[in-house]
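What follows is a short report on a single structure.
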2 protein chains.
Amino acid sequence: MAVAKAPTQSERKHLAMLAAAEQLFLRHGYLGTSMDELAELSQVSKQTVYAHFGSKEALFVELVSSMTARAGDGLHDLDEVPAPDGDVAGFLERYAADELTVVMTPRLLRLRRLVIGEVERFPDLARALYENGPARAIRSLAVTIAALAERGLLSVDDAVEAATTFNWLVMGAPMNEAMLLGDDAIPDADALRRHAAHAARVFVATYGADRH
Amino acid sequence: MAVAKAPTQSERKHLAMLAAAEQLFLRHGYLGTSMDELAELSQVSKQTVYAHFGSKEALFVELVSSMTARAGDGLHDLDEVPAPDGDVAGFLERYAADELTVVMTPRLLRLRRLVIGEVERFPDLARALYENGPARAIRSLAVTIAALAERGLLSVDDAVEAATTFNWLVMGAPMNEAMLLGDDAIPDADALRRHAAHAARVFVATYGADRH
DNA sequence: CTCGAAATGGACTGACCAGTTTGATTTTCT
DNA sequence: AGAAAATCAAACTGGTCAGTCCATTTCGAG
């Protein structure tokens, strides 16, 4: 088994700095965060910050990139058997609820706000977030939808279009509310489940196999 | 008729400052814009800026508020006769295309990015943008949808839920792409029309009167 | 033409900030 | 234990920024 080696001081400080950077950048933005502030919150001297990350911009890019990469992680191992033999709506509802539970989280919403606000300054970070978030989710869902269509459980011409439709049917309203109304407007778990059910209902009404 | 009185120098400068503020704030953000820069671009002395607006924050709030208030203007006088006697899908498609044409504009998208990035600093501006944008559009659409349901052209229980669904069916994908991918990713007029048609098709498949 | 209001520009204050320097201290690894 | 690497505190550089001050000029209405 893996040996739990004690983290070195350097590693501990590295993590402390990343944690402080996350807190400050997500709260105050890129320009609104100062390196002195960050060093103090990390309980670390300023030189140590520069020794580890080189510059404010490099630290920002590293932090945002790593958060972005981990963004849609707990989700995409859900390519289990899509539907046993009929309950497509139930499957889609569960999928939507899982997706919403992952995405509608203060950490990820703040990351998204931060990155959107910095599109002009850091267009690559924004593109990376788009690729790792919606684009990845849609591609993955399109495969599943195509498989369901193959089995005759859905009636779909263009699987990517259908996946895109479902994705924004699910995410559109809560995401755009959360962007502008702040974390207090995040729906609770029950509201998310109801919304997921509604999205699945609309989708099946459009793409259900019983359409001629 | 209204007399076209020549604008005084003071009025001209006031507008020049607002124009410069729009350009700079939308491009560089709140913190990224300096008052010296703004005065220079306005062809005005710094004193004049402070004489007119008092402070950077006040100028920012005034600019964003006025842009927000005018945001969904060219649209909501479209409460003409919703549908003569049948073509609900066509009516919805036209409505969606109009809405998309107004919203998917660099100016408004940049405003939205700016406001989202400043949610923590200026929560009231964000709330105002939400109210004047999506919330207003959805309320207005809900009335129309209820009227169509009344005439038996749609089968709708909850008009607000249906309006919300249609709204994000229309705006979700292009809006969220534009937020992260920048103005270059704005779909052209033809793509917008096709997307509007698709949204209308999905909506009618779900809420069409021919559902039992 | 005249007088008050508005605008000018340029210097100035006080604060902040990214990044560097230095020399001493502590941690890590062998 | 002892050398190399990492960290520290604190001062410092060069620059920027919001907002103010002031003496002079320009504008516009009567």
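All residue names refer to the structure tokens as shown: chains lettered A, B, ... in order, residues numbered from 1 in each chain, ligands numbered from 1 in order.
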With a cut-off of 8 Å and counting only C-alpha atoms (C1' of nucleotides), select all residues of chain B in contact with chain D and give the selection as a list in words.
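Output check: Gln9, Ser34, Met35 and Lys56 of chain B.
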Next, dump the selected residues to file, keeping only C-alpha atoms, as a PDB file, in the first residue's frame.
```pdb
ATOM      1  CA  GLN B   9     -20.016  72.305 -24.454  1.00  0.00           C
ATOM      2  CA  SER B  34      -7.726  54.547 -14.611  1.00  0.00           C
ATOM      3  CA  MET B  35      -9.258  57.971 -14.368  1.00  0.00           C
ATOM      4  CA  LYS B  56     -14.775  56.585 -10.138  1.00  0.00           C
TER       5      LYS B  56
END
```
Could you write out chain A as a PDB file with C-alpha atoms, in the first residue's frame once it has been least-squares superposed on chain B using every ordered C-alpha pair?
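The new file superposed_28.pdb reads:
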```pdb
ATOM      1  CA  MET A   1     -41.940  69.923 -33.586  1.00  0.00           C
ATOM      2  CA  ALA A   2     -38.972  69.579 -31.271  1.00  0.00           C
ATOM      3  CA  VAL A   3     -36.352  72.252 -31.751  1.00  0.00           C
ATOM      4  CA  ALA A   4     -32.870  70.817 -32.319  1.00  0.00           C
ATOM      5  CA  LYS A   5     -31.071  73.031 -29.868  1.00  0.00           C
ATOM      6  CA  ALA A   6     -27.309  72.915 -30.155  1.00  0.00           C
ATOM      7  CA  PRO A   7     -25.786  70.850 -27.346  1.00  0.00           C
ATOM      8  CA  THR A   8     -23.770  72.927 -24.931  1.00  0.00           C
ATOM      9  CA  GLN A   9     -20.075  72.237 -24.471  1.00  0.00           C
ATOM     10  CA  SER A  10     -20.799  70.782 -21.077  1.00  0.00           C
ATOM     11  CA  GLU A  11     -23.279  68.324 -22.548  1.00  0.00           C
ATOM     12  CA  ARG A  12     -20.889  67.323 -25.276  1.00  0.00           C
ATOM     13  CA  LYS A  13     -18.148  66.648 -22.758  1.00  0.00           C
ATOM     14  CA  HIS A  14     -20.519  64.726 -20.529  1.00  0.00           C
ATOM     15  CA  LEU A  15     -21.341  62.402 -23.405  1.00  0.00           C
ATOM     16  CA  ALA A  16     -17.683  62.118 -24.391  1.00  0.00           C
ATOM     17  CA  MET A  17     -16.832  61.012 -20.871  1.00  0.00           C
ATOM     18  CA  LEU A  18     -19.595  58.435 -20.814  1.00  0.00           C
ATOM     19  CA  ALA A  19     -18.468  57.120 -24.179  1.00  0.00           C
ATOM     20  CA  ALA A  20     -14.884  56.830 -22.972  1.00  0.00           C
ATOM     21  CA  ALA A  21     -16.028  55.191 -19.751  1.00  0.00           C
ATOM     22  CA  GLU A  22     -18.029  52.649 -21.716  1.00  0.00           C
ATOM     23  CA  GLN A  23     -15.097  51.804 -23.912  1.00  0.00           C
ATOM     24  CA  LEU A  24     -12.582  51.540 -21.085  1.00  0.00           C
ATOM     25  CA  PHE A  25     -14.694  49.800 -18.460  1.00  0.00           C
ATOM     26  CA  LEU A  26     -16.013  47.262 -20.948  1.00  0.00           C
ATOM     27  CA  ARG A  27     -12.520  46.545 -22.177  1.00  0.00           C
ATOM     28  CA  HIS A  28     -10.384  46.699 -19.039  1.00  0.00           C
ATOM     29  CA  GLY A  29     -12.819  46.220 -16.181  1.00  0.00           C
ATOM     30  CA  TYR A  30     -13.413  48.414 -13.157  1.00  0.00           C
ATOM     31  CA  LEU A  31     -10.033  48.148 -11.467  1.00  0.00           C
ATOM     32  CA  GLY A  32      -8.210  47.979 -14.793  1.00  0.00           C
ATOM     33  CA  THR A  33      -9.426  51.424 -15.835  1.00  0.00           C
ATOM     34  CA  SER A  34      -7.719  54.576 -14.564  1.00  0.00           C
ATOM     35  CA  MET A  35      -9.264  57.998 -14.327  1.00  0.00           C
ATOM     36  CA  ASP A  36      -6.285  59.648 -16.028  1.00  0.00           C
ATOM     37  CA  GLU A  37      -6.664  57.309 -18.971  1.00  0.00           C
ATOM     38  CA  LEU A  38     -10.358  58.107 -19.062  1.00  0.00           C
ATOM     39  CA  ALA A  39      -9.822  61.860 -18.974  1.00  0.00           C
ATOM     40  CA  GLU A  40      -7.322  61.657 -21.778  1.00  0.00           C
ATOM     41  CA  LEU A  41      -9.561  59.521 -23.975  1.00  0.00           C
ATOM     42  CA  SER A  42     -12.453  61.906 -23.327  1.00  0.00           C
ATOM     43  CA  GLN A  43     -10.304  64.899 -24.332  1.00  0.00           C
ATOM     44  CA  VAL A  44     -11.199  66.428 -21.021  1.00  0.00           C
ATOM     45  CA  SER A  45      -9.302  67.429 -17.926  1.00  0.00           C
ATOM     46  CA  LYS A  46      -9.439  65.227 -14.883  1.00  0.00           C
ATOM     47  CA  GLN A  47     -11.213  67.898 -12.870  1.00  0.00           C
ATOM     48  CA  THR A  48     -14.024  67.964 -15.355  1.00  0.00           C
ATOM     49  CA  VAL A  49     -14.524  64.247 -14.851  1.00  0.00           C
ATOM     50  CA  TYR A  50     -14.768  64.721 -11.103  1.00  0.00           C
ATOM     51  CA  ALA A  51     -16.987  67.775 -11.521  1.00  0.00           C
ATOM     52  CA  HIS A  52     -19.435  65.699 -13.551  1.00  0.00           C
ATOM     53  CA  PHE A  53     -19.379  62.376 -11.765  1.00  0.00           C
ATOM     54  CA  GLY A  54     -17.857  62.815  -8.340  1.00  0.00           C
ATOM     55  CA  SER A  55     -15.893  59.593  -8.140  1.00  0.00           C
ATOM     56  CA  LYS A  56     -14.795  56.583 -10.122  1.00  0.00           C
ATOM     57  CA  GLU A  57     -17.330  54.389  -8.392  1.00  0.00           C
ATOM     58  CA  ALA A  58     -20.186  56.825  -9.081  1.00  0.00           C
ATOM     59  CA  LEU A  59     -19.233  57.059 -12.741  1.00  0.00           C
ATOM     60  CA  PHE A  60     -19.092  53.285 -12.996  1.00  0.00           C
ATOM     61  CA  VAL A  61     -22.446  52.806 -11.345  1.00  0.00           C
ATOM     62  CA  GLU A  62     -24.075  55.474 -13.488  1.00  0.00           C
ATOM     63  CA  LEU A  63     -22.672  54.047 -16.701  1.00  0.00           C
ATOM     64  CA  VAL A  64     -23.574  50.448 -15.959  1.00  0.00           C
ATOM     65  CA  SER A  65     -27.007  51.373 -14.659  1.00  0.00           C
ATOM     66  CA  SER A  66     -27.859  53.345 -17.768  1.00  0.00           C
ATOM     67  CA  MET A  67     -26.595  50.606 -20.071  1.00  0.00           C
ATOM     68  CA  THR A  68     -28.573  48.071 -18.068  1.00  0.00           C
ATOM     69  CA  ALA A  69     -31.751  50.117 -18.180  1.00  0.00           C
ATOM     70  CA  ARG A  70     -31.548  50.434 -21.936  1.00  0.00           C
ATOM     71  CA  ALA A  71     -30.568  46.761 -22.298  1.00  0.00           C
ATOM     72  CA  GLY A  72     -33.805  45.124 -23.376  1.00  0.00           C
ATOM     73  CA  ASP A  73     -35.445  48.133 -24.969  1.00  0.00           C
ATOM     74  CA  GLY A  74     -35.857  47.462 -28.662  1.00  0.00           C
ATOM     75  CA  LEU A  75     -37.648  44.264 -27.819  1.00  0.00           C
ATOM     76  CA  HIS A  76     -40.563  44.545 -25.484  1.00  0.00           C
ATOM     77  CA  ASP A  77     -42.797  46.600 -27.724  1.00  0.00           C
ATOM     78  CA  LEU A  78     -43.342  43.330 -29.555  1.00  0.00           C
ATOM     79  CA  ASP A  79     -46.556  42.530 -27.733  1.00  0.00           C
ATOM     80  CA  GLU A  80     -48.430  42.692 -31.008  1.00  0.00           C
ATOM     81  CA  VAL A  81     -51.026  40.098 -31.832  1.00  0.00           C
ATOM     82  CA  PRO A  82     -49.223  36.879 -30.849  1.00  0.00           C
ATOM     83  CA  ALA A  83     -50.502  34.528 -33.513  1.00  0.00           C
ATOM     84  CA  PRO A  84     -53.306  34.927 -36.042  1.00  0.00           C
ATOM     85  CA  ASP A  85     -54.837  31.499 -35.924  1.00  0.00           C
ATOM     86  CA  GLY A  86     -52.262  28.771 -35.837  1.00  0.00           C
ATOM     87  CA  ASP A  87     -48.572  29.358 -36.545  1.00  0.00           C
ATOM     88  CA  VAL A  88     -47.368  29.293 -32.970  1.00  0.00           C
ATOM     89  CA  ALA A  89     -44.007  27.829 -33.932  1.00  0.00           C
ATOM     90  CA  GLY A  90     -43.415  30.595 -36.452  1.00  0.00           C
ATOM     91  CA  PHE A  91     -44.342  33.242 -33.937  1.00  0.00           C
ATOM     92  CA  LEU A  92     -42.030  31.774 -31.307  1.00  0.00           C
ATOM     93  CA  GLU A  93     -39.246  31.454 -33.833  1.00  0.00           C
ATOM     94  CA  ARG A  94     -39.529  35.109 -34.787  1.00  0.00           C
ATOM     95  CA  TYR A  95     -39.669  36.137 -31.152  1.00  0.00           C
ATOM     96  CA  ALA A  96     -36.564  34.076 -30.352  1.00  0.00           C
ATOM     97  CA  ALA A  97     -34.651  35.411 -33.325  1.00  0.00           C
ATOM     98  CA  ASP A  98     -35.440  39.002 -32.328  1.00  0.00           C
ATOM     99  CA  GLU A  99     -34.370  38.369 -28.773  1.00  0.00           C
ATOM    100  CA  LEU A 100     -31.117  36.738 -29.870  1.00  0.00           C
ATOM    101  CA  THR A 101     -30.338  39.554 -32.286  1.00  0.00           C
ATOM    102  CA  VAL A 102     -30.646  42.094 -29.497  1.00  0.00           C
ATOM    103  CA  VAL A 103     -28.754  40.177 -26.851  1.00  0.00           C
ATOM    104  CA  MET A 104     -25.942  38.592 -28.852  1.00  0.00           C
ATOM    105  CA  THR A 105     -24.228  41.898 -29.414  1.00  0.00           C
ATOM    106  CA  PRO A 106     -20.640  42.687 -28.387  1.00  0.00           C
ATOM    107  CA  ARG A 107     -21.735  45.670 -26.313  1.00  0.00           C
ATOM    108  CA  LEU A 108     -24.254  43.720 -24.275  1.00  0.00           C
ATOM    109  CA  LEU A 109     -22.081  40.642 -23.952  1.00  0.00           C
ATOM    110  CA  ARG A 110     -19.202  42.725 -22.680  1.00  0.00           C
ATOM    111  CA  LEU A 111     -21.507  44.463 -20.242  1.00  0.00           C
ATOM    112  CA  ARG A 112     -22.640  41.113 -18.997  1.00  0.00           C
ATOM    113  CA  ARG A 113     -19.081  39.850 -18.576  1.00  0.00           C
ATOM    114  CA  LEU A 114     -18.116  43.011 -16.755  1.00  0.00           C
ATOM    115  CA  VAL A 115     -21.048  42.826 -14.375  1.00  0.00           C
ATOM    116  CA  ILE A 116     -20.552  39.114 -13.697  1.00  0.00           C
ATOM    117  CA  GLY A 117     -16.906  39.735 -12.904  1.00  0.00           C
ATOM    118  CA  GLU A 118     -17.903  42.452 -10.447  1.00  0.00           C
ATOM    119  CA  VAL A 119     -20.718  40.601  -8.672  1.00  0.00           C
ATOM    120  CA  GLU A 120     -18.844  40.672  -5.370  1.00  0.00           C
ATOM    121  CA  ARG A 121     -18.013  44.363  -5.572  1.00  0.00           C
ATOM    122  CA  PHE A 122     -21.317  45.570  -7.079  1.00  0.00           C
ATOM    123  CA  PRO A 123     -24.036  43.025  -6.338  1.00  0.00           C
ATOM    124  CA  ASP A 124     -26.798  45.579  -6.954  1.00  0.00           C
ATOM    125  CA  LEU A 125     -25.674  46.203 -10.507  1.00  0.00           C
ATOM    126  CA  ALA A 126     -25.760  42.475 -11.181  1.00  0.00           C
ATOM    127  CA  ARG A 127     -29.217  42.133  -9.731  1.00  0.00           C
ATOM    128  CA  ALA A 128     -30.410  45.070 -11.817  1.00  0.00           C
ATOM    129  CA  LEU A 129     -29.023  43.470 -14.953  1.00  0.00           C
ATOM    130  CA  TYR A 130     -30.772  40.227 -14.125  1.00  0.00           C
ATOM    131  CA  GLU A 131     -34.066  42.008 -13.516  1.00  0.00           C
ATOM    132  CA  ASN A 132     -33.862  44.123 -16.658  1.00  0.00           C
ATOM    133  CA  GLY A 133     -32.697  41.244 -18.800  1.00  0.00           C
ATOM    134  CA  PRO A 134     -33.819  37.648 -18.327  1.00  0.00           C
ATOM    135  CA  ALA A 135     -36.388  38.300 -15.602  1.00  0.00           C
ATOM    136  CA  ARG A 136     -38.169  40.963 -17.610  1.00  0.00           C
ATOM    137  CA  ALA A 137     -38.080  38.909 -20.792  1.00  0.00           C
ATOM    138  CA  ILE A 138     -39.451  35.862 -19.004  1.00  0.00           C
ATOM    139  CA  ARG A 139     -42.282  37.760 -17.336  1.00  0.00           C
ATOM    140  CA  SER A 140     -43.268  39.324 -20.618  1.00  0.00           C
ATOM    141  CA  LEU A 141     -43.115  36.013 -22.454  1.00  0.00           C
ATOM    142  CA  ALA A 142     -45.154  34.294 -19.741  1.00  0.00           C
ATOM    143  CA  VAL A 143     -48.037  36.668 -20.410  1.00  0.00           C
ATOM    144  CA  THR A 144     -47.946  35.881 -24.098  1.00  0.00           C
ATOM    145  CA  ILE A 145     -47.724  32.156 -23.469  1.00  0.00           C
ATOM    146  CA  ALA A 146     -50.656  32.301 -21.101  1.00  0.00           C
ATOM    147  CA  ALA A 147     -52.662  34.091 -23.788  1.00  0.00           C
ATOM    148  CA  LEU A 148     -51.745  31.447 -26.353  1.00  0.00           C
ATOM    149  CA  ALA A 149     -52.775  28.730 -23.920  1.00  0.00           C
ATOM    150  CA  GLU A 150     -56.039  30.545 -23.315  1.00  0.00           C
ATOM    151  CA  ARG A 151     -56.791  30.331 -27.048  1.00  0.00           C
ATOM    152  CA  GLY A 152     -56.011  26.648 -27.076  1.00  0.00           C
ATOM    153  CA  LEU A 153     -52.853  27.094 -29.126  1.00  0.00           C
ATOM    154  CA  LEU A 154     -50.612  25.766 -26.373  1.00  0.00           C
ATOM    155  CA  SER A 155     -51.019  23.299 -23.558  1.00  0.00           C
ATOM    156  CA  VAL A 156     -49.410  24.941 -20.561  1.00  0.00           C
ATOM    157  CA  ASP A 157     -49.888  24.478 -16.823  1.00  0.00           C
ATOM    158  CA  ASP A 158     -47.348  26.909 -15.463  1.00  0.00           C
ATOM    159  CA  ALA A 159     -46.785  29.814 -17.832  1.00  0.00           C
ATOM    160  CA  VAL A 160     -43.752  31.149 -15.979  1.00  0.00           C
ATOM    161  CA  GLU A 161     -42.078  27.762 -16.009  1.00  0.00           C
ATOM    162  CA  ALA A 162     -42.804  27.412 -19.713  1.00  0.00           C
ATOM    163  CA  ALA A 163     -41.494  30.901 -20.431  1.00  0.00           C
ATOM    164  CA  THR A 164     -38.340  30.191 -18.446  1.00  0.00           C
ATOM    165  CA  THR A 165     -37.839  26.974 -20.343  1.00  0.00           C
ATOM    166  CA  PHE A 166     -38.233  28.683 -23.690  1.00  0.00           C
ATOM    167  CA  ASN A 167     -36.011  31.569 -22.704  1.00  0.00           C
ATOM    168  CA  TRP A 168     -33.057  29.360 -21.819  1.00  0.00           C
ATOM    169  CA  LEU A 169     -33.724  26.965 -24.654  1.00  0.00           C
ATOM    170  CA  VAL A 170     -33.124  30.011 -26.810  1.00  0.00           C
ATOM    171  CA  MET A 171     -30.409  31.864 -24.913  1.00  0.00           C
ATOM    172  CA  GLY A 172     -28.586  29.156 -22.992  1.00  0.00           C
ATOM    173  CA  ALA A 173     -26.171  27.784 -25.536  1.00  0.00           C
ATOM    174  CA  PRO A 174     -25.189  30.972 -27.393  1.00  0.00           C
ATOM    175  CA  MET A 175     -25.029  33.076 -24.237  1.00  0.00           C
ATOM    176  CA  ASN A 176     -22.796  30.718 -22.333  1.00  0.00           C
ATOM    177  CA  GLU A 177     -20.543  30.191 -25.308  1.00  0.00           C
ATOM    178  CA  ALA A 178     -20.218  33.912 -25.809  1.00  0.00           C
ATOM    179  CA  MET A 179     -19.411  34.482 -22.142  1.00  0.00           C
ATOM    180  CA  LEU A 180     -16.338  32.254 -22.275  1.00  0.00           C
ATOM    181  CA  LEU A 181     -15.298  32.244 -25.910  1.00  0.00           C
ATOM    182  CA  GLY A 182     -15.360  35.986 -26.533  1.00  0.00           C
ATOM    183  CA  ASP A 183     -17.006  38.089 -29.171  1.00  0.00           C
ATOM    184  CA  ASP A 184     -15.458  36.140 -32.016  1.00  0.00           C
ATOM    185  CA  ALA A 185     -17.694  33.217 -31.087  1.00  0.00           C
ATOM    186  CA  ILE A 186     -20.933  35.143 -31.634  1.00  0.00           C
ATOM    187  CA  PRO A 187     -22.992  33.176 -34.162  1.00  0.00           C
ATOM    188  CA  ASP A 188     -23.889  34.972 -37.390  1.00  0.00           C
ATOM    189  CA  ALA A 189     -27.436  35.977 -38.219  1.00  0.00           C
ATOM    190  CA  ASP A 190     -28.182  32.788 -40.087  1.00  0.00           C
ATOM    191  CA  ALA A 191     -26.966  30.532 -37.293  1.00  0.00           C
ATOM    192  CA  LEU A 192     -29.067  32.530 -34.856  1.00  0.00           C
ATOM    193  CA  ARG A 193     -32.155  32.030 -36.996  1.00  0.00           C
ATOM    194  CA  ARG A 194     -31.544  28.303 -37.223  1.00  0.00           C
ATOM    195  CA  HIS A 195     -31.054  28.113 -33.492  1.00  0.00           C
ATOM    196  CA  ALA A 196     -34.264  30.068 -32.922  1.00  0.00           C
ATOM    197  CA  ALA A 197     -36.138  27.660 -35.164  1.00  0.00           C
ATOM    198  CA  HIS A 198     -34.773  24.686 -33.268  1.00  0.00           C
ATOM    199  CA  ALA A 199     -35.761  26.170 -29.923  1.00  0.00           C
ATOM    200  CA  ALA A 200     -39.269  26.829 -31.173  1.00  0.00           C
ATOM    201  CA  ARG A 201     -39.506  23.262 -32.463  1.00  0.00           C
ATOM    202  CA  VAL A 202     -38.490  21.788 -29.100  1.00  0.00           C
ATOM    203  CA  PHE A 203     -40.851  24.055 -27.247  1.00  0.00           C
ATOM    204  CA  VAL A 204     -43.826  23.187 -29.432  1.00  0.00           C
ATOM    205  CA  ALA A 205     -43.019  19.491 -29.162  1.00  0.00           C
ATOM    206  CA  THR A 206     -43.381  19.856 -25.405  1.00  0.00           C
ATOM    207  CA  TYR A 207     -46.140  22.412 -25.036  1.00  0.00           C
ATOM    208  CA  GLY A 208     -47.993  22.137 -28.332  1.00  0.00           C
ATOM    209  CA  ALA A 209     -51.787  21.970 -28.123  1.00  0.00           C
ATOM    210  CA  ASP A 210     -51.774  18.536 -29.733  1.00  0.00           C
ATOM    211  CA  ARG A 211     -50.349  17.031 -26.548  1.00  0.00           C
ATOM    212  CA  HIS A 212     -53.144  15.351 -24.646  1.00  0.00           C
TER     213      HIS A 212
END
```
Would you list which chain C residues are within 10 Å of chain B using only C-alpha atoms (C1' of nucleotides), as a count of residues only?
4
